[in-house]
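Participant: For reference, the structure I am asking about is given below.
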Amino acid sequence: MNTNFFINLLLEVQEFENSGRSKNDSTIEDFRNFLNDKHYKSQSPRFISESEHKKVNDLENEIAKQVILLSRFTKQMIRRGLQEFPELYNEEFTYLYRIMDEPLLTKMQLVEKNAHEKQTGMEIIRRLVKNNLLEEIPDSKDKRVTRLKISELGKQYFDQSVESVSITSRVLSAKLDFEEKNNLLKTLKKLNEFHFNVYHQYKDSDITEINNLI
């Protein structure tokens with residue numbers, strides 16, 4: 001390492017101390033988080049657009065970025081939270097929990113309730129059936145229609161995983177207070193109402209057509 005490295009490191013430490021985030025008992029982890037936050041902010045749409053001379057909507061691009069990041073963090077946390085239930089953590093738990101709420105859905109109804117593409121949803125259902133967590137039964141009126149019900153093993157998995165799912169949900173909500181959680185929930189519901197409408201009514205539309213709905 002050359003001298004410049006240590007000079008730059010000391011300058012970063014000085015910036016950390018002047019930021020108001022440094023305390024008497026600050027740790028290396030606190031400093032690392034400070035550096036991560038600083039790097040994250042430097043990659044904002046405004047910074048990128050200015051460096052590339054591109055015109056973007058900062059607010060909407062930042063929302064998209066945050067949604068994408070949250071989706072990735074959510075998948076990671078679900079895997080950690082359901083590590084004792086590997087049959088559930090590839091989104092299977094959302095299907096199992098949905099069937100508990102709405103028994104005897106058809107396969108496509110279950111897929112659409114979870115807003116998946118048909119191929120992805122059918123693969124999740126196939127794994128749940130293979131692992132004996134869901135059962136396929138013929139419709140009482142139309143034998144060509146297959147419905148799904150939770151198996152006894154599936155009920156056991158549901159009961160055993162409820163606490164893990166609750167803890168994971170709490171972690172995903174992080175340190176938001178009650179009012180912040182309520183406001184976030186209202187905003188997310190509003191967003192999802194729009195996207196569920198697109199999912200069901202505009203499956204074959206391109207992004208320009210969807211943009212015209214706004």
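Within each chain, counting starts at residue 1; across the structure tokens, chains are named A, B, ... in the order shown, with ligands numbered 1 upward in that order.
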For Glu163 of chain A, please output as a PyMOL selection string all residues within 10 Å (counting only C-alpha atoms; exclusion window: fewer than 5 positions along the same chain).
Facilitator: chain A and resi 81-82+158+168-169
Participant: As a PyMOL selection string, list the residues of segment 2-214 of chain A assigned to strand (DSSP E) by DSSP on the backbone atoms of this structure.
Facilitator: chain A and resi 134-138+146-150
Participant: Based on the selection just made, write all heavy atoms of those residues as a PDB file, in the first residue's frame.
Facilitator:
ATOM      1  N   LEU A 134     -49.117 -29.564  -1.003  1.00  0.00           N
ATOM      2  CA  LEU A 134     -50.408 -29.312  -1.633  1.00  0.00           C
ATOM      3  C   LEU A 134     -50.915 -30.582  -2.284  1.00  0.00           C
ATOM      4  O   LEU A 134     -50.123 -31.434  -2.706  1.00  0.00           O
ATOM      5  CB  LEU A 134     -50.302 -28.214  -2.701  1.00  0.00           C
ATOM      6  CG  LEU A 134     -50.085 -26.765  -2.261  1.00  0.00           C
ATOM      7  CD1 LEU A 134     -50.098 -25.844  -3.470  1.00  0.00           C
ATOM      8  CD2 LEU A 134     -51.122 -26.320  -1.249  1.00  0.00           C
ATOM      9  N   GLU A 135     -52.241 -30.701  -2.382  1.00  0.00           N
ATOM     10  CA  GLU A 135     -52.857 -31.841  -3.047  1.00  0.00           C
ATOM     11  C   GLU A 135     -53.713 -31.351  -4.212  1.00  0.00           C
ATOM     12  O   GLU A 135     -54.351 -30.301  -4.118  1.00  0.00           O
ATOM     13  CB  GLU A 135     -53.741 -32.626  -2.064  1.00  0.00           C
ATOM     14  CG  GLU A 135     -52.967 -33.270  -0.919  1.00  0.00           C
ATOM     15  CD  GLU A 135     -53.888 -33.952   0.077  1.00  0.00           C
ATOM     16  OE1 GLU A 135     -55.133 -33.899  -0.132  1.00  0.00           O
ATOM     17  OE2 GLU A 135     -53.379 -34.514   1.061  1.00  0.00           O
ATOM     18  N   GLU A 136     -53.693 -32.099  -5.302  1.00  0.00           N
ATOM     19  CA  GLU A 136     -54.520 -31.790  -6.460  1.00  0.00           C
ATOM     20  C   GLU A 136     -55.798 -32.612  -6.387  1.00  0.00           C
ATOM     21  O   GLU A 136     -55.747 -33.824  -6.182  1.00  0.00           O
ATOM     22  CB  GLU A 136     -53.772 -32.123  -7.758  1.00  0.00           C
ATOM     23  CG  GLU A 136     -52.485 -31.320  -7.946  1.00  0.00           C
ATOM     24  CD  GLU A 136     -51.710 -31.771  -9.166  1.00  0.00           C
ATOM     25  OE1 GLU A 136     -51.212 -32.912  -9.134  1.00  0.00           O
ATOM     26  OE2 GLU A 136     -51.611 -30.991 -10.124  1.00  0.00           O
ATOM     27  N   ILE A 137     -56.935 -31.937  -6.552  1.00  0.00           N
ATOM     28  CA  ILE A 137     -58.218 -32.653  -6.525  1.00  0.00           C
ATOM     29  C   ILE A 137     -59.080 -32.159  -7.684  1.00  0.00           C
ATOM     30  O   ILE A 137     -59.002 -30.985  -8.072  1.00  0.00           O
ATOM     31  CB  ILE A 137     -58.969 -32.459  -5.191  1.00  0.00           C
ATOM     32  CG1 ILE A 137     -59.223 -30.975  -4.929  1.00  0.00           C
ATOM     33  CG2 ILE A 137     -58.195 -33.067  -4.028  1.00  0.00           C
ATOM     34  CD1 ILE A 137     -60.095 -30.706  -3.721  1.00  0.00           C
ATOM     35  N   PRO A 138     -59.905 -33.042  -8.266  1.00  0.00           N
ATOM     36  CA  PRO A 138     -60.769 -32.613  -9.374  1.00  0.00           C
ATOM     37  C   PRO A 138     -61.901 -31.728  -8.855  1.00  0.00           C
ATOM     38  O   PRO A 138     -62.376 -31.891  -7.731  1.00  0.00           O
ATOM     39  CB  PRO A 138     -61.307 -33.938  -9.926  1.00  0.00           C
ATOM     40  CG  PRO A 138     -61.228 -34.890  -8.778  1.00  0.00           C
ATOM     41  CD  PRO A 138     -60.028 -34.480  -7.980  1.00  0.00           C
ATOM     42  N   THR A 146     -58.715 -28.751 -12.240  1.00  0.00           N
ATOM     43  CA  THR A 146     -57.991 -29.234 -11.059  1.00  0.00           C
ATOM     44  C   THR A 146     -57.908 -28.128 -10.019  1.00  0.00           C
ATOM     45  O   THR A 146     -57.523 -26.998 -10.323  1.00  0.00           O
ATOM     46  CB  THR A 146     -56.565 -29.685 -11.431  1.00  0.00           C
ATOM     47  OG1 THR A 146     -56.646 -30.727 -12.396  1.00  0.00           O
ATOM     48  CG2 THR A 146     -55.813 -30.185 -10.197  1.00  0.00           C
ATOM     49  N   ARG A 147     -58.273 -28.471  -8.790  1.00  0.00           N
ATOM     50  CA  ARG A 147     -58.182 -27.523  -7.691  1.00  0.00           C
ATOM     51  C   ARG A 147     -57.109 -27.977  -6.706  1.00  0.00           C
ATOM     52  O   ARG A 147     -56.653 -29.127  -6.750  1.00  0.00           O
ATOM     53  CB  ARG A 147     -59.532 -27.353  -6.995  1.00  0.00           C
ATOM     54  CG  ARG A 147     -60.569 -26.737  -7.916  1.00  0.00           C
ATOM     55  CD  ARG A 147     -61.827 -26.309  -7.186  1.00  0.00           C
ATOM     56  NE  ARG A 147     -62.760 -25.651  -8.103  1.00  0.00           N
ATOM     57  CZ  ARG A 147     -62.734 -24.363  -8.384  1.00  0.00           C
ATOM     58  NH1 ARG A 147     -61.845 -23.582  -7.786  1.00  0.00           N
ATOM     59  NH2 ARG A 147     -63.593 -23.827  -9.233  1.00  0.00           N
ATOM     60  N   LEU A 148     -56.729 -27.064  -5.845  1.00  0.00           N
ATOM     61  CA  LEU A 148     -55.644 -27.356  -4.914  1.00  0.00           C
ATOM     62  C   LEU A 148     -56.122 -27.206  -3.477  1.00  0.00           C
ATOM     63  O   LEU A 148     -56.889 -26.285  -3.151  1.00  0.00           O
ATOM     64  CB  LEU A 148     -54.472 -26.392  -5.158  1.00  0.00           C
ATOM     65  CG  LEU A 148     -53.800 -26.501  -6.523  1.00  0.00           C
ATOM     66  CD1 LEU A 148     -52.961 -25.254  -6.795  1.00  0.00           C
ATOM     67  CD2 LEU A 148     -52.940 -27.751  -6.612  1.00  0.00           C
ATOM     68  N   LYS A 149     -55.663 -28.085  -2.627  1.00  0.00           N
ATOM     69  CA  LYS A 149     -55.943 -27.974  -1.196  1.00  0.00           C
ATOM     70  C   LYS A 149     -54.659 -28.251  -0.429  1.00  0.00           C
ATOM     71  O   LYS A 149     -53.766 -28.953  -0.915  1.00  0.00           O
ATOM     72  CB  LYS A 149     -57.040 -28.952  -0.767  1.00  0.00           C
ATOM     73  CG  LYS A 149     -56.692 -30.419  -0.955  1.00  0.00           C
ATOM     74  CD  LYS A 149     -57.785 -31.326  -0.420  1.00  0.00           C
ATOM     75  CE  LYS A 149     -57.818 -31.311   1.093  1.00  0.00           C
ATOM     76  NZ  LYS A 149     -58.737 -32.355   1.641  1.00  0.00           N
ATOM     77  N   ILE A 150     -54.559 -27.689   0.737  1.00  0.00           N
ATOM     78  CA  ILE A 150     -53.370 -27.908   1.547  1.00  0.00           C
ATOM     79  C   ILE A 150     -53.445 -29.302   2.176  1.00  0.00           C
ATOM     80  O   ILE A 150     -54.507 -29.750   2.598  1.00  0.00           O
ATOM     81  CB  ILE A 150     -53.229 -26.813   2.619  1.00  0.00           C
ATOM     82  CG1 ILE A 150     -51.833 -26.833   3.239  1.00  0.00           C
ATOM     83  CG2 ILE A 150     -54.321 -26.928   3.679  1.00  0.00           C
ATOM     84  CD1 ILE A 150     -51.498 -25.579   4.036  1.00  0.00           C
TER      85      ILE A 150
END
Participant: Give me, as a PyMOL selection string, all polymer residues having an atom no more than 10 Å from Lys203 of chain A, counting only C-alpha atoms and skipping those fewer than 6 positions away in the same chain.
Facilitator: chain A and resi 117+197+210
Participant: Could you turn the residues from that selection into a file that holds all heavy atoms, as a PDB file, in the first residue's frame?
Facilitator:
ATOM      1  N   GLU A 117     -45.893 -15.098 -13.659  1.00  0.00           N
ATOM      2  CA  GLU A 117     -46.137 -15.620 -14.996  1.00  0.00           C
ATOM      3  C   GLU A 117     -46.530 -17.088 -14.858  1.00  0.00           C
ATOM      4  O   GLU A 117     -46.144 -17.761 -13.890  1.00  0.00           O
ATOM      5  CB  GLU A 117     -44.884 -15.478 -15.856  1.00  0.00           C
ATOM      6  CG  GLU A 117     -44.513 -14.022 -16.139  1.00  0.00           C
ATOM      7  CD  GLU A 117     -43.302 -13.900 -17.045  1.00  0.00           C
ATOM      8  OE1 GLU A 117     -42.700 -14.937 -17.380  1.00  0.00           O
ATOM      9  OE2 GLU A 117     -42.958 -12.763 -17.417  1.00  0.00           O
ATOM     10  N   ASN A 197     -53.837  -4.399 -11.828  1.00  0.00           N
ATOM     11  CA  ASN A 197     -54.700  -4.097 -12.961  1.00  0.00           C
ATOM     12  C   ASN A 197     -53.955  -4.312 -14.273  1.00  0.00           C
ATOM     13  O   ASN A 197     -54.488  -4.904 -15.221  1.00  0.00           O
ATOM     14  CB  ASN A 197     -55.192  -2.651 -12.866  1.00  0.00           C
ATOM     15  CG  ASN A 197     -56.103  -2.272 -14.019  1.00  0.00           C
ATOM     16  OD1 ASN A 197     -57.080  -2.952 -14.303  1.00  0.00           O
ATOM     17  ND2 ASN A 197     -55.788  -1.180 -14.700  1.00  0.00           N
ATOM     18  N   ILE A 210     -48.728   0.989 -21.354  1.00  0.00           N
ATOM     19  CA  ILE A 210     -48.910   1.014 -19.903  1.00  0.00           C
ATOM     20  C   ILE A 210     -48.634   2.407 -19.346  1.00  0.00           C
ATOM     21  O   ILE A 210     -49.338   2.889 -18.456  1.00  0.00           O
ATOM     22  CB  ILE A 210     -48.016  -0.039 -19.236  1.00  0.00           C
ATOM     23  CG1 ILE A 210     -48.426  -1.440 -19.683  1.00  0.00           C
ATOM     24  CG2 ILE A 210     -48.084   0.056 -17.710  1.00  0.00           C
ATOM     25  CD1 ILE A 210     -47.479  -2.539 -19.295  1.00  0.00           C
TER      26      ILE A 210
END
Participant: Please, which residues of segment 2-197 of chain A, numbered as in this document, come out helix (DSSP H, G or I) from DSSP, as a count of residues only?
Facilitator: 135
Participant: Can you build me a table of segment 59-157 of chain A residues sitting at most 12 Å from segment 174-177 of chain A, with the closest atom pair per residue and its distance in Å to one decimal, using only C-alpha atoms, sorted by chain and residue number, as a Markdown table?
Facilitator:
| residue | atom | partner | partner_atom | distance |
| --- | --- | --- | --- | --- |
| A:Leu70 | CA | A:Ala174 | CA | 11.5 |
| A:Phe73 | CA | A:Ala174 | CA | 11.6 |
| A:Thr74 | CA | A:Ala174 | CA | 11.4 |
| A:Met77 | CA | A:Ala174 | CA | 11.5 |
Participant: Using only C-alpha atoms, pick whichever of A:Leu185, A:Lys143, A:Leu128, A:Phe85 has the shortest atom-to-atom distance to Val162 of chain A.
Facilitator: A:Phe85
